[in-house]
>>> print(open('data.cif').read())   # mmCIF, C-alpha atoms (C1' of nucleotides)
data_query
#
loop_
_atom_site.group_PDB
_atom_site.id
_atom_site.type_symbol
_atom_site.label_atom_id
_atom_site.label_comp_id
_atom_site.auth_asym_id
_atom_site.auth_seq_id
_atom_site.Cartn_x
_atom_site.Cartn_y
_atom_site.Cartn_z
ATOM 1 C CA MET A 1 115.302 149.319 61.717
ATOM 2 C CA GLU A 2 113.796 146.578 59.659
ATOM 3 C CA ARG A 3 115.768 146.669 56.451
ATOM 4 C CA ASP A 4 118.994 144.777 55.946
ATOM 5 C CA THR A 5 121.282 147.600 54.805
ATOM 6 C CA LYS A 6 124.949 147.291 53.980
ATOM 7 C CA GLN A 7 125.732 149.771 56.779
ATOM 8 C CA ARG A 8 123.927 147.643 59.359
ATOM 9 C CA ARG A 9 125.638 144.500 58.073
ATOM 10 C CA ALA A 10 129.014 146.254 58.275
ATOM 11 C CA ILE A 11 128.415 147.315 61.871
ATOM 12 C CA ARG A 12 127.395 143.800 62.866
ATOM 13 C CA GLU A 13 130.465 142.468 61.098
ATOM 14 C CA VAL A 14 132.690 144.825 63.105
ATOM 15 C CA PHE A 15 131.249 143.575 66.407
ATOM 16 C CA THR A 16 131.553 139.974 65.276
ATOM 17 C CA ARG A 17 135.219 140.368 64.376
ATOM 18 C CA GLU A 18 136.403 142.288 67.431
ATOM 19 C CA HIS A 19 135.959 140.480 70.719
ATOM 20 C CA ARG A 20 136.345 143.506 72.925
ATOM 21 C CA PRO A 21 134.281 146.602 73.816
ATOM 22 C CA LEU A 22 134.246 149.173 71.005
ATOM 23 C CA SER A 23 133.699 152.921 71.229
ATOM 24 C CA THR A 24 131.454 154.651 68.719
ATOM 25 C CA ASP A 25 134.548 156.058 67.023
ATOM 26 C CA GLU A 26 136.080 152.609 66.752
ATOM 27 C CA VAL A 27 132.895 151.250 65.206
ATOM 28 C CA LEU A 28 132.856 154.162 62.771
ATOM 29 C CA ALA A 29 136.503 153.703 61.762
ATOM 30 C CA ALA A 30 136.260 149.914 61.387
ATOM 31 C CA GLY A 31 132.890 150.188 59.661
ATOM 32 C CA ARG A 32 134.306 152.575 57.089
ATOM 33 C CA MET A 33 136.759 149.880 56.047
ATOM 34 C CA LEU A 34 133.685 148.005 54.835
ATOM 35 C CA VAL A 35 131.398 150.916 53.851
ATOM 36 C CA PRO A 36 133.440 154.086 53.266
ATOM 37 C CA SER A 37 130.423 156.405 53.262
ATOM 38 C CA LEU A 38 129.357 155.323 56.752
ATOM 39 C CA GLY A 39 128.356 158.261 58.988
ATOM 40 C CA ILE A 40 128.487 158.646 62.752
ATOM 41 C CA ALA A 41 124.705 159.117 62.990
ATOM 42 C CA THR A 42 124.168 155.715 61.415
ATOM 43 C CA VAL A 43 126.615 154.184 63.877
ATOM 44 C CA TYR A 44 124.639 155.620 66.804
ATOM 45 C CA ARG A 45 121.292 154.586 65.314
ATOM 46 C CA ASN A 46 122.397 151.013 64.735
ATOM 47 C CA ILE A 47 124.127 150.716 68.086
ATOM 48 C CA ASN A 48 120.848 151.769 69.683
ATOM 49 C CA SER A 49 118.718 149.326 67.724
ATOM 50 C CA LEU A 50 121.180 146.448 68.181
ATOM 51 C CA SER A 51 121.160 147.225 71.908
ATOM 52 C CA ASP A 52 117.355 147.264 71.981
ATOM 53 C CA GLU A 53 117.380 143.856 70.293
ATOM 54 C CA GLY A 54 119.873 142.631 72.893
ATOM 55 C CA TRP A 55 122.425 141.755 70.203
ATOM 56 C CA ILE A 56 125.002 144.054 71.834
ATOM 57 C CA HIS A 57 125.095 145.858 75.179
ATOM 58 C CA SER A 58 126.966 148.790 76.622
ATOM 59 C CA VAL A 59 130.133 148.493 78.693
ATOM 60 C CA GLU A 60 130.824 151.404 80.998
ATOM 61 C CA LEU A 61 134.415 151.956 82.051
ATOM 62 C CA PRO A 62 135.499 154.624 84.552
ATOM 63 C CA GLY A 63 135.725 158.125 83.159
ATOM 64 C CA GLU A 64 135.013 157.198 79.538
ATOM 65 C CA PRO A 65 132.026 157.268 77.204
ATOM 66 C CA ALA A 66 130.198 153.975 76.732
ATOM 67 C CA ARG A 67 131.651 151.172 74.678
ATOM 68 C CA TYR A 68 129.642 148.278 73.241
ATOM 69 C CA GLU A 69 130.256 144.565 72.867
ATOM 70 C CA ARG A 70 128.477 141.495 71.542
ATOM 71 C CA SER A 71 125.976 140.061 74.021
ATOM 72 C CA GLY A 72 126.076 136.501 75.310
ATOM 73 C CA LYS A 73 129.703 136.241 76.325
ATOM 74 C CA PRO A 74 130.473 134.502 79.600
ATOM 75 C CA HIS A 75 131.277 136.625 82.654
ATOM 76 C CA HIS A 76 134.506 138.512 82.139
ATOM 77 C CA HIS A 77 136.313 141.760 82.931
ATOM 78 C CA HIS A 78 138.310 144.367 81.037
ATOM 79 C CA PHE A 79 141.811 145.706 80.629
ATOM 80 C CA ILE A 80 142.479 149.252 79.436
ATOM 81 C CA CYS A 81 145.803 149.928 77.767
ATOM 82 C CA ARG A 82 147.339 153.265 78.762
ATOM 83 C CA GLY A 83 149.258 153.294 75.504
ATOM 84 C CA CYS A 84 146.640 152.780 72.785
ATOM 85 C CA GLY A 85 143.545 153.314 74.912
ATOM 86 C CA LEU A 86 141.903 150.113 73.711
ATOM 87 C CA ALA A 87 139.795 147.946 76.016
ATOM 88 C CA PHE A 88 140.459 144.205 76.040
ATOM 89 C CA ASP A 89 138.523 141.278 77.468
ATOM 90 C CA ILE A 90 139.928 139.452 80.498
ATOM 91 C CA ALA A 91 138.437 136.003 81.001
ATOM 92 C CA ALA A 92 139.511 135.598 84.614
ATOM 93 C CA CYS A 93 137.647 136.814 87.676
ATOM 94 C CA PRO A 94 138.909 137.137 91.260
ATOM 95 C CA ALA A 95 137.345 134.646 93.663
ATOM 96 C CA ASP A 96 135.016 135.577 96.514
ATOM 97 C CA VAL A 97 134.433 139.133 95.390
ATOM 98 C CA GLU A 98 131.122 139.233 97.224
ATOM 99 C CA ARG A 99 132.925 138.640 100.517
ATOM 100 C CA LEU A 100 134.853 141.881 100.259
ATOM 101 C CA ALA A 101 131.953 144.089 101.300
ATOM 102 C CA PRO A 102 131.469 144.784 105.026
ATOM 103 C CA PRO A 103 128.611 143.106 106.911
ATOM 104 C CA GLY A 104 125.261 144.616 106.029
ATOM 105 C CA PHE A 105 126.099 145.285 102.396
ATOM 106 C CA ALA A 106 124.411 143.005 99.818
ATOM 107 C CA VAL A 107 126.538 142.610 96.693
ATOM 108 C CA ASP A 108 124.765 141.519 93.498
ATOM 109 C CA ALA A 109 127.351 142.392 90.849
ATOM 110 C CA HIS A 110 130.885 143.616 90.425
ATOM 111 C CA GLU A 111 133.194 145.126 87.831
ATOM 112 C CA LEU A 112 136.957 144.844 87.725
ATOM 113 C CA VAL A 113 139.100 147.001 85.457
ATOM 114 C CA LEU A 114 142.813 146.409 84.990
ATOM 115 C CA TYR A 115 145.120 149.160 83.721
ATOM 116 C CA GLY A 116 148.514 148.845 82.116
ATOM 117 C CA HIS A 117 150.075 148.171 78.736
ATOM 118 C CA CYS A 118 148.952 145.653 76.147
ATOM 119 C CA PRO A 119 151.461 143.373 74.381
ATOM 120 C CA GLY A 120 151.702 145.726 71.401
ATOM 121 C CA CYS A 121 152.277 148.849 73.494
ATOM 122 C CA ARG A 122 154.823 147.241 75.839
ATOM 123 C CA GLN A 123 157.405 147.033 73.093
ATOM 124 C CA ALA A 124 156.808 150.375 71.407
ATOM 125 C CA MET B 125 142.549 180.465 96.101
ATOM 126 C CA GLU B 126 144.518 182.007 98.893
ATOM 127 C CA ARG B 127 141.911 183.368 101.248
ATOM 128 C CA ASP B 128 140.341 181.313 104.007
ATOM 129 C CA THR B 129 136.652 181.788 103.229
ATOM 130 C CA LYS B 130 133.754 180.199 105.065
ATOM 131 C CA GLN B 131 132.712 178.458 101.836
ATOM 132 C CA ARG B 132 136.114 176.845 101.429
ATOM 133 C CA ARG B 133 136.165 175.815 105.099
ATOM 134 C CA ALA B 134 132.688 174.301 104.712
ATOM 135 C CA ILE B 135 133.735 172.281 101.666
ATOM 136 C CA ARG B 136 136.810 170.962 103.459
ATOM 137 C CA GLU B 137 134.652 170.115 106.447
ATOM 138 C CA VAL B 138 132.300 168.094 104.209
ATOM 139 C CA PHE B 139 135.180 166.027 102.830
ATOM 140 C CA THR B 140 136.601 165.532 106.307
ATOM 141 C CA ARG B 141 133.304 164.261 107.682
ATOM 142 C CA GLU B 142 132.309 161.902 104.875
ATOM 143 C CA HIS B 143 134.751 159.080 104.238
ATOM 144 C CA ARG B 144 133.481 158.212 100.794
ATOM 145 C CA PRO B 145 133.596 159.710 97.285
ATOM 146 C CA LEU B 146 131.257 162.687 96.923
ATOM 147 C CA SER B 147 129.632 164.048 93.786
ATOM 148 C CA THR B 148 129.544 167.796 93.173
ATOM 149 C CA ASP B 149 125.843 167.778 94.052
ATOM 150 C CA GLU B 150 126.532 165.973 97.317
ATOM 151 C CA VAL B 151 129.212 168.515 98.209
ATOM 152 C CA LEU B 152 126.801 171.317 97.372
ATOM 153 C CA ALA B 153 123.973 169.858 99.452
ATOM 154 C CA ALA B 154 126.155 169.052 102.455
ATOM 155 C CA GLY B 155 128.002 172.353 102.178
ATOM 156 C CA ARG B 156 124.720 174.266 102.260
ATOM 157 C CA MET B 157 124.043 172.778 105.688
ATOM 158 C CA LEU B 158 127.035 174.827 106.808
ATOM 159 C CA VAL B 159 126.799 177.819 104.443
ATOM 160 C CA PRO B 160 123.270 178.120 103.017
ATOM 161 C CA SER B 161 124.236 180.601 100.288
ATOM 162 C CA LEU B 162 126.829 178.210 98.794
ATOM 163 C CA GLY B 163 126.671 178.070 94.993
ATOM 164 C CA ILE B 164 127.612 175.277 92.604
ATOM 165 C CA ALA B 165 130.286 177.402 90.903
ATOM 166 C CA THR B 166 132.091 177.784 94.214
ATOM 167 C CA VAL B 167 131.907 174.034 94.745
ATOM 168 C CA TYR B 168 133.552 173.417 91.370
ATOM 169 C CA ARG B 169 136.178 176.111 91.931
ATOM 170 C CA ASN B 170 137.158 174.767 95.339
ATOM 171 C CA ILE B 171 137.112 171.145 94.203
ATOM 172 C CA ASN B 172 139.532 172.151 91.457
ATOM 173 C CA SER B 173 141.867 174.037 93.739
ATOM 174 C CA LEU B 174 141.778 171.343 96.452
ATOM 175 C CA SER B 175 142.583 168.799 93.723
ATOM 176 C CA ASP B 176 145.460 170.916 92.457
ATOM 177 C CA GLU B 177 146.809 171.071 96.006
ATOM 178 C CA GLY B 178 146.457 167.292 96.254
ATOM 179 C CA TRP B 179 144.135 167.570 99.251
ATOM 180 C CA ILE B 180 141.412 165.622 97.395
ATOM 181 C CA HIS B 181 141.440 163.633 94.159
ATOM 182 C CA SER B 182 138.842 162.444 91.694
ATOM 183 C CA VAL B 183 137.271 158.985 91.764
ATOM 184 C CA GLU B 184 135.859 157.794 88.462
ATOM 185 C CA LEU B 185 133.160 155.157 88.592
ATOM 186 C CA PRO B 186 131.637 153.517 85.501
ATOM 187 C CA GLY B 187 129.041 155.609 83.700
ATOM 188 C CA GLU B 188 128.948 158.441 86.222
ATOM 189 C CA PRO B 189 130.413 161.914 86.552
ATOM 190 C CA ALA B 190 133.514 162.226 88.722
ATOM 191 C CA ARG B 191 133.307 162.035 92.484
ATOM 192 C CA TYR B 192 135.989 163.319 94.865
ATOM 193 C CA GLU B 193 137.483 162.039 98.080
ATOM 194 C CA ARG B 194 140.129 163.031 100.609
ATOM 195 C CA SER B 195 143.641 162.115 99.507
ATOM 196 C CA GLY B 196 145.993 159.920 101.501
ATOM 197 C CA LYS B 197 143.710 157.006 102.268
ATOM 198 C CA PRO B 198 145.194 153.519 101.970
ATOM 199 C CA HIS B 199 144.374 151.462 98.863
ATOM 200 C CA HIS B 200 140.690 150.623 98.749
ATOM 201 C CA HIS B 201 137.738 150.064 96.420
ATOM 202 C CA HIS B 202 134.133 151.233 96.180
ATOM 203 C CA PHE B 203 130.581 149.990 96.519
ATOM 204 C CA ILE B 204 127.703 151.688 94.707
ATOM 205 C CA CYS B 205 124.244 151.291 96.206
ATOM 206 C CA ARG B 206 121.515 150.755 93.599
ATOM 207 C CA GLY B 207 119.008 152.152 96.057
ATOM 208 C CA CYS B 208 120.382 155.516 97.131
ATOM 209 C CA GLY B 209 123.122 155.844 94.526
ATOM 210 C CA LEU B 210 125.795 156.619 97.120
ATOM 211 C CA ALA B 211 129.361 155.358 96.777
ATOM 212 C CA PHE B 212 130.972 153.736 99.824
ATOM 213 C CA ASP B 213 134.546 152.796 100.610
ATOM 214 C CA ILE B 214 135.509 149.120 100.717
ATOM 215 C CA ALA B 215 138.740 148.442 102.576
ATOM 216 C CA ALA B 216 139.328 144.959 101.171
ATOM 217 C CA CYS B 217 141.047 144.111 97.894
ATOM 218 C CA PRO B 218 141.072 140.789 96.027
ATOM 219 C CA ALA B 219 144.438 139.035 96.041
ATOM 220 C CA ASP B 220 146.601 138.493 92.982
ATOM 221 C CA VAL B 221 144.668 140.820 90.735
ATOM 222 C CA GLU B 222 147.731 141.349 88.553
ATOM 223 C CA ARG B 223 147.755 137.655 87.698
ATOM 224 C CA LEU B 224 144.374 137.791 86.024
ATOM 225 C CA ALA B 225 145.642 139.368 82.817
ATOM 226 C CA PRO B 226 146.820 137.035 80.026
ATOM 227 C CA PRO B 227 150.541 136.680 79.316
ATOM 228 C CA GLY B 228 151.957 139.736 77.569
ATOM 229 C CA PHE B 229 149.779 142.242 79.402
ATOM 230 C CA ALA B 230 151.507 144.383 82.049
ATOM 231 C CA VAL B 231 149.124 145.429 84.810
ATOM 232 C CA ASP B 232 150.060 148.487 86.865
ATOM 233 C CA ALA B 233 146.755 149.333 88.546
ATOM 234 C CA HIS B 234 143.227 148.067 89.003
ATOM 235 C CA GLU B 235 139.798 149.220 90.083
ATOM 236 C CA LEU B 236 137.064 147.092 91.585
ATOM 237 C CA VAL B 237 133.484 148.294 91.914
ATOM 238 C CA LEU B 238 130.844 146.359 93.829
ATOM 239 C CA TYR B 239 127.133 146.919 93.197
ATOM 240 C CA GLY B 240 124.210 146.106 95.441
ATOM 241 C CA HIS B 241 122.309 147.558 98.368
ATOM 242 C CA CYS B 242 123.749 149.332 101.379
ATOM 243 C CA PRO B 243 122.544 148.503 104.906
ATOM 244 C CA GLY B 244 120.058 151.381 104.892
ATOM 245 C CA CYS B 245 118.536 150.500 101.523
ATOM 246 C CA ARG B 246 118.279 146.752 102.209
ATOM 247 C CA GLN B 247 115.537 147.309 104.755
ATOM 248 C CA ALA B 248 113.546 149.991 102.942
ATOM 249 C "C1'" DT C 249 138.073 200.494 109.581
ATOM 250 C "C1'" DA C 250 139.420 201.633 105.034
ATOM 251 C "C1'" DG C 251 140.678 199.944 101.039
ATOM 252 C "C1'" DC C 252 142.466 196.601 97.929
ATOM 253 C "C1'" DT C 253 141.497 192.651 95.557
ATOM 254 C "C1'" DC C 254 140.377 187.816 95.787
ATOM 255 C "C1'" DT C 255 136.212 185.039 96.172
ATOM 256 C "C1'" DT C 256 131.533 184.325 95.657
ATOM 257 C "C1'" DG C 257 126.983 183.477 93.417
ATOM 258 C "C1'" DA C 258 123.998 183.739 89.484
ATOM 259 C "C1'" DT C 259 123.981 182.507 85.121
ATOM 260 C "C1'" DA C 260 125.694 182.542 80.383
ATOM 261 C "C1'" DA C 261 128.905 180.044 77.634
ATOM 262 C "C1'" DT C 262 131.278 175.991 76.404
ATOM 263 C "C1'" DC C 263 132.391 171.119 75.810
ATOM 264 C "C1'" DG C 264 131.969 166.298 74.351
ATOM 265 C "C1'" DA C 265 128.523 162.986 73.592
ATOM 266 C "C1'" DT C 266 124.318 161.864 71.657
ATOM 267 C "C1'" DT C 267 119.917 162.730 69.272
ATOM 268 C "C1'" DA C 268 116.886 165.162 65.911
ATOM 269 C "C1'" DT C 269 116.075 167.016 61.370
ATOM 270 C "C1'" DC C 270 115.497 166.492 56.623
ATOM 271 C "C1'" DA C 271 116.648 165.916 51.825
ATOM 272 C "C1'" DT C 272 118.502 162.027 49.410
ATOM 273 C "C1'" DT C 273 119.348 157.118 48.758
ATOM 274 C "C1'" DA C 274 118.227 152.486 48.509
ATOM 275 C "C1'" DA C 275 115.668 148.074 50.443
ATOM 276 C "C1'" DC C 276 112.223 145.201 49.081
ATOM 277 C "C1'" DA C 277 107.339 143.990 48.013
ATOM 278 C "C1'" DT C 278 104.613 143.854 44.041
ATOM 279 C "C1'" DA D 279 111.254 147.495 36.970
ATOM 280 C "C1'" DT D 280 108.759 150.578 39.949
ATOM 281 C "C1'" DG D 281 106.782 152.736 43.866
ATOM 282 C "C1'" DT D 282 106.731 153.054 48.715
ATOM 283 C "C1'" DT D 283 108.947 154.301 52.596
ATOM 284 C "C1'" DA D 284 112.600 153.142 55.962
ATOM 285 C "C1'" DA D 285 117.560 154.116 56.362
ATOM 286 C "C1'" DT D 286 121.340 157.002 55.511
ATOM 287 C "C1'" DG D 287 124.549 161.034 55.933
ATOM 288 C "C1'" DA D 288 125.455 165.815 56.931
ATOM 289 C "C1'" DT D 289 124.817 168.700 60.345
ATOM 290 C "C1'" DA D 290 121.982 171.351 63.585
ATOM 291 C "C1'" DA D 291 120.073 170.835 68.075
ATOM 292 C "C1'" DT D 292 120.161 169.094 72.595
ATOM 293 C "C1'" DC D 293 121.850 167.326 76.987
ATOM 294 C "C1'" DG D 294 124.427 167.074 81.324
ATOM 295 C "C1'" DA D 295 128.679 168.505 83.157
ATOM 296 C "C1'" DT D 296 131.898 171.968 83.742
ATOM 297 C "C1'" DT D 297 133.967 176.566 83.028
ATOM 298 C "C1'" DA D 298 133.812 181.613 82.164
ATOM 299 C "C1'" DT D 299 131.917 186.111 83.135
ATOM 300 C "C1'" DC D 300 131.166 189.888 86.076
ATOM 301 C "C1'" DA D 301 128.963 192.666 89.557
ATOM 302 C "C1'" DA D 302 128.620 192.324 94.521
ATOM 303 C "C1'" DG D 303 130.506 190.736 98.835
ATOM 304 C "C1'" DA D 304 134.069 189.757 102.184
ATOM 305 C "C1'" DG D 305 139.088 188.357 103.729
ATOM 306 C "C1'" DC D 306 143.125 190.453 105.023
ATOM 307 C "C1'" DT D 307 146.680 194.114 105.579
ATOM 308 C "C1'" DA D 308 147.960 198.555 107.149
#
>>> encode(input="data.cif", output="structure tokens")
Amino acid sequence: MERDTKQRRAIREVFTREHRPLSTDEVLAAGRMLVPSLGIATVYRNINSLSDEGWIHSVELPGEPARYERSGKPHHHHFICRGCGLAFDIAACPADVERLAPPGFAVDAHELVLYGHCPGCRQA
Amino acid sequence: MERDTKQRRAIREVFTREHRPLSTDEVLAAGRMLVPSLGIATVYRNINSLSDEGWIHSVELPGEPARYERSGKPHHHHFICRGCGLAFDIAACPADVERLAPPGFAVDAHELVLYGHCPGCRQA
DNA sequence: TAGCTCTTGATAATCGATTATCATTAACAT
DNA sequence: ATGTTAATGATAATCGATTATCAAGAGCTA
């Protein structure tokens, strides 16, 4: 992955536009708006190289295949809409999460996932 | 699944003893302590039927295959140990989780996962 | 305890996700 | 503009998880 191809540019553009974790299918669909010939293998290859570079990283949500988002964002959590299935960023974080574990457990990270309906799906 | 077999009794016994979400491999290993001939297919079959009955239910944690735990416990969360990989129950729950979503988002459920080291793995 | 048939255990098959293959296309250095 | 070769796209192969198959074993009823 050294050459600056239009496919790679399109994939980077997709991640730059959407500030939320994207599945491989979402990257493929959005990327095809920019490069119609884009194939799923190229999506996987570029997601892997962009991850290796640290430009994106994977976001694992319960019971679903990995999504990916732009690296460097401040600490945040995610919301999954039961209507459209999209994952959204949530800036807020509950306080004192580390205190929730019983004595003897050392907490070094945490993940919070909210479920419900996004603004668009609430009305439909 | 109508007959009361020793395999099925062993699998129920495993879930009754361990108050935390168990992977299929954990159920197999613990079940073999009680019934050495136990096979993985029987574990899957009984997990499915016990789930259908509502006696257990699946617990999805980020990036991992489903675990299962006894139904009927009060609301709680989970801790995953980076040392041994086991999932533990956490009784506590952060307050006001629903308020963390931006206006327009309707939250109806949430999951919190803590990561770190369990008491046993902290010392090793 | 005999017999019916559900359950088990070994393993082949399947499933969704991801990676490998390979002929073709296209960056980019000269 | 051209040659080199990395990247692409179609799709076959693979991977881990789960389900299906089927002969053998064991609950349960009479």
>>> interface_residues(input="data.cif", of="chain D", to="chain B", cutoff="8 Å", atoms="all atoms listed in the file", output="PyMOL selection string")
chain D and resi 295-296+305
>>> resolve_selection(input="data.cif", expression="the PyMOL selection byres ((chain C) within 8 of (chain A))", output="number ranges by chain")
C: 265-266, 275
>>> write_last_selection(input="data.cif", atoms="C-alpha atoms (C1' of nucleotides)", output="compact mmCIF listing (two decimals), in the coordinates of the input")
# COMPACT_ATOMS: atom_id res chain seq x y z
C1' DA C 265 128.52 162.99 73.59
C1' DT C 266 124.32 161.86 71.66
C1' DA C 275 115.67 148.07 50.44
>>> interface_residues(input="data.cif", of="chain A", to="chain B", cutoff="10 Å", atoms="all atoms listed in the file", output="number ranges by chain")
A: 59-66, 77-82, 88-122
>>> write_last_selection(input="data.cif", atoms="C-alpha atoms", output="PDB file, keeping the file's coordinate frame")
ATOM      1  CA  VAL A  59     130.133 148.493  78.693  1.00  0.00           C
ATOM      2  CA  GLU A  60     130.824 151.404  80.998  1.00  0.00           C
ATOM      3  CA  LEU A  61     134.415 151.956  82.051  1.00  0.00           C
ATOM      4  CA  PRO A  62     135.499 154.624  84.552  1.00  0.00           C
ATOM      5  CA  GLY A  63     135.725 158.125  83.159  1.00  0.00           C
ATOM      6  CA  GLU A  64     135.013 157.198  79.538  1.00  0.00           C
ATOM      7  CA  PRO A  65     132.026 157.268  77.204  1.00  0.00           C
ATOM      8  CA  ALA A  66     130.198 153.975  76.732  1.00  0.00           C
ATOM      9  CA  HIS A  77     136.313 141.760  82.931  1.00  0.00           C
ATOM     10  CA  HIS A  78     138.310 144.367  81.037  1.00  0.00           C
ATOM     11  CA  PHE A  79     141.811 145.706  80.629  1.00  0.00           C
ATOM     12  CA  ILE A  80     142.479 149.252  79.436  1.00  0.00           C
ATOM     13  CA  CYS A  81     145.803 149.928  77.767  1.00  0.00           C
ATOM     14  CA  ARG A  82     147.339 153.265  78.762  1.00  0.00           C
ATOM     15  CA  PHE A  88     140.459 144.205  76.040  1.00  0.00           C
ATOM     16  CA  ASP A  89     138.523 141.278  77.468  1.00  0.00           C
ATOM     17  CA  ILE A  90     139.928 139.452  80.498  1.00  0.00           C
ATOM     18  CA  ALA A  91     138.437 136.003  81.001  1.00  0.00           C
ATOM     19  CA  ALA A  92     139.511 135.598  84.614  1.00  0.00           C
ATOM     20  CA  CYS A  93     137.647 136.814  87.676  1.00  0.00           C
ATOM     21  CA  PRO A  94     138.909 137.137  91.260  1.00  0.00           C
ATOM     22  CA  ALA A  95     137.345 134.646  93.663  1.00  0.00           C
ATOM     23  CA  ASP A  96     135.016 135.577  96.514  1.00  0.00           C
ATOM     24  CA  VAL A  97     134.433 139.133  95.390  1.00  0.00           C
ATOM     25  CA  GLU A  98     131.122 139.233  97.224  1.00  0.00           C
ATOM     26  CA  ARG A  99     132.925 138.640 100.517  1.00  0.00           C
ATOM     27  CA  LEU A 100     134.853 141.881 100.259  1.00  0.00           C
ATOM     28  CA  ALA A 101     131.953 144.089 101.300  1.00  0.00           C
ATOM     29  CA  PRO A 102     131.469 144.784 105.026  1.00  0.00           C
ATOM     30  CA  PRO A 103     128.611 143.106 106.911  1.00  0.00           C
ATOM     31  CA  GLY A 104     125.261 144.616 106.029  1.00  0.00           C
ATOM     32  CA  PHE A 105     126.099 145.285 102.396  1.00  0.00           C
ATOM     33  CA  ALA A 106     124.411 143.005  99.818  1.00  0.00           C
ATOM     34  CA  VAL A 107     126.538 142.610  96.693  1.00  0.00           C
ATOM     35  CA  ASP A 108     124.765 141.519  93.498  1.00  0.00           C
ATOM     36  CA  ALA A 109     127.351 142.392  90.849  1.00  0.00           C
ATOM     37  CA  HIS A 110     130.885 143.616  90.425  1.00  0.00           C
ATOM     38  CA  GLU A 111     133.194 145.126  87.831  1.00  0.00           C
ATOM     39  CA  LEU A 112     136.957 144.844  87.725  1.00  0.00           C
ATOM     40  CA  VAL A 113     139.100 147.001  85.457  1.00  0.00           C
ATOM     41  CA  LEU A 114     142.813 146.409  84.990  1.00  0.00           C
ATOM     42  CA  TYR A 115     145.120 149.160  83.721  1.00  0.00           C
ATOM     43  CA  GLY A 116     148.514 148.845  82.116  1.00  0.00           C
ATOM     44  CA  HIS A 117     150.075 148.171  78.736  1.00  0.00           C
ATOM     45  CA  CYS A 118     148.952 145.653  76.147  1.00  0.00           C
ATOM     46  CA  PRO A 119     151.461 143.373  74.381  1.00  0.00           C
ATOM     47  CA  GLY A 120     151.702 145.726  71.401  1.00  0.00           C
ATOM     48  CA  CYS A 121     152.277 148.849  73.494  1.00  0.00           C
ATOM     49  CA  ARG A 122     154.823 147.241  75.839  1.00  0.00           C
TER      50      ARG A 122
END
>>> resolve_selection(input="data.cif", expression="the PyMOL selection byres ((chain D and resi 288) around 12)", output="list in words")
Ser37, Leu38, Gly39, Ile40, Ala41 and Thr42 of chain A; DT269, DC270, DA271 and DT272 of chain C; DT286, DG287, DT289 and DA290 of chain D
>>> atom_distance(input="data.cif", atom1="CA of Asn46 (chain A)", atom2="CA of Arg67 (chain A)")
13.6 Å
>>> residues_near_point(input="data.cif", point="(142.6, 159.3, 101.2)", cutoff="12 Å", atoms="only C-alpha atoms (C1' of nucleotides)", output="PDB file with C-alpha atoms, keeping the file's coordinate frame")
ATOM      1  CA  PHE B 139     135.180 166.027 102.830  1.00  0.00           C
ATOM      2  CA  THR B 140     136.601 165.532 106.307  1.00  0.00           C
ATOM      3  CA  GLU B 142     132.309 161.902 104.875  1.00  0.00           C
ATOM      4  CA  HIS B 143     134.751 159.080 104.238  1.00  0.00           C
ATOM      5  CA  ARG B 144     133.481 158.212 100.794  1.00  0.00           C
ATOM      6  CA  PRO B 145     133.596 159.710  97.285  1.00  0.00           C
ATOM      7  CA  GLY B 178     146.457 167.292  96.254  1.00  0.00           C
ATOM      8  CA  TRP B 179     144.135 167.570  99.251  1.00  0.00           C
ATOM      9  CA  ILE B 180     141.412 165.622  97.395  1.00  0.00           C
ATOM     10  CA  HIS B 181     141.440 163.633  94.159  1.00  0.00           C
ATOM     11  CA  SER B 182     138.842 162.444  91.694  1.00  0.00           C
ATOM     12  CA  VAL B 183     137.271 158.985  91.764  1.00  0.00           C
ATOM     13  CA  TYR B 192     135.989 163.319  94.865  1.00  0.00           C
ATOM     14  CA  GLU B 193     137.483 162.039  98.080  1.00  0.00           C
ATOM     15  CA  ARG B 194     140.129 163.031 100.609  1.00  0.00           C
ATOM     16  CA  SER B 195     143.641 162.115  99.507  1.00  0.00           C
ATOM     17  CA  GLY B 196     145.993 159.920 101.501  1.00  0.00           C
ATOM     18  CA  LYS B 197     143.710 157.006 102.268  1.00  0.00           C
ATOM     19  CA  PRO B 198     145.194 153.519 101.970  1.00  0.00           C
ATOM     20  CA  HIS B 199     144.374 151.462  98.863  1.00  0.00           C
ATOM     21  CA  HIS B 200     140.690 150.623  98.749  1.00  0.00           C
ATOM     22  CA  HIS B 201     137.738 150.064  96.420  1.00  0.00           C
ATOM     23  CA  ASP B 213     134.546 152.796 100.610  1.00  0.00           C
ATOM     24  CA  ALA B 215     138.740 148.442 102.576  1.00  0.00           C
TER      25      ALA B 215
END
>>> atom_distance(input="data.cif", atom1="CA of Met33 (chain A)", atom2="CA of Arg8 (chain A)")
13.4 Å
>>> atom_distance(input="data.cif", atom1="CA of Ala153 (chain B)", atom2="C1' of DG303 (chain D)")
21.9 Å
>>> resolve_selection(input="data.cif", expression="the PyMOL selection byres ((chain C and resi 278) around 12)", output="list in words")
DC276 and DA277 of chain C; DA279, DT280, DG281 and DT282 of chain D
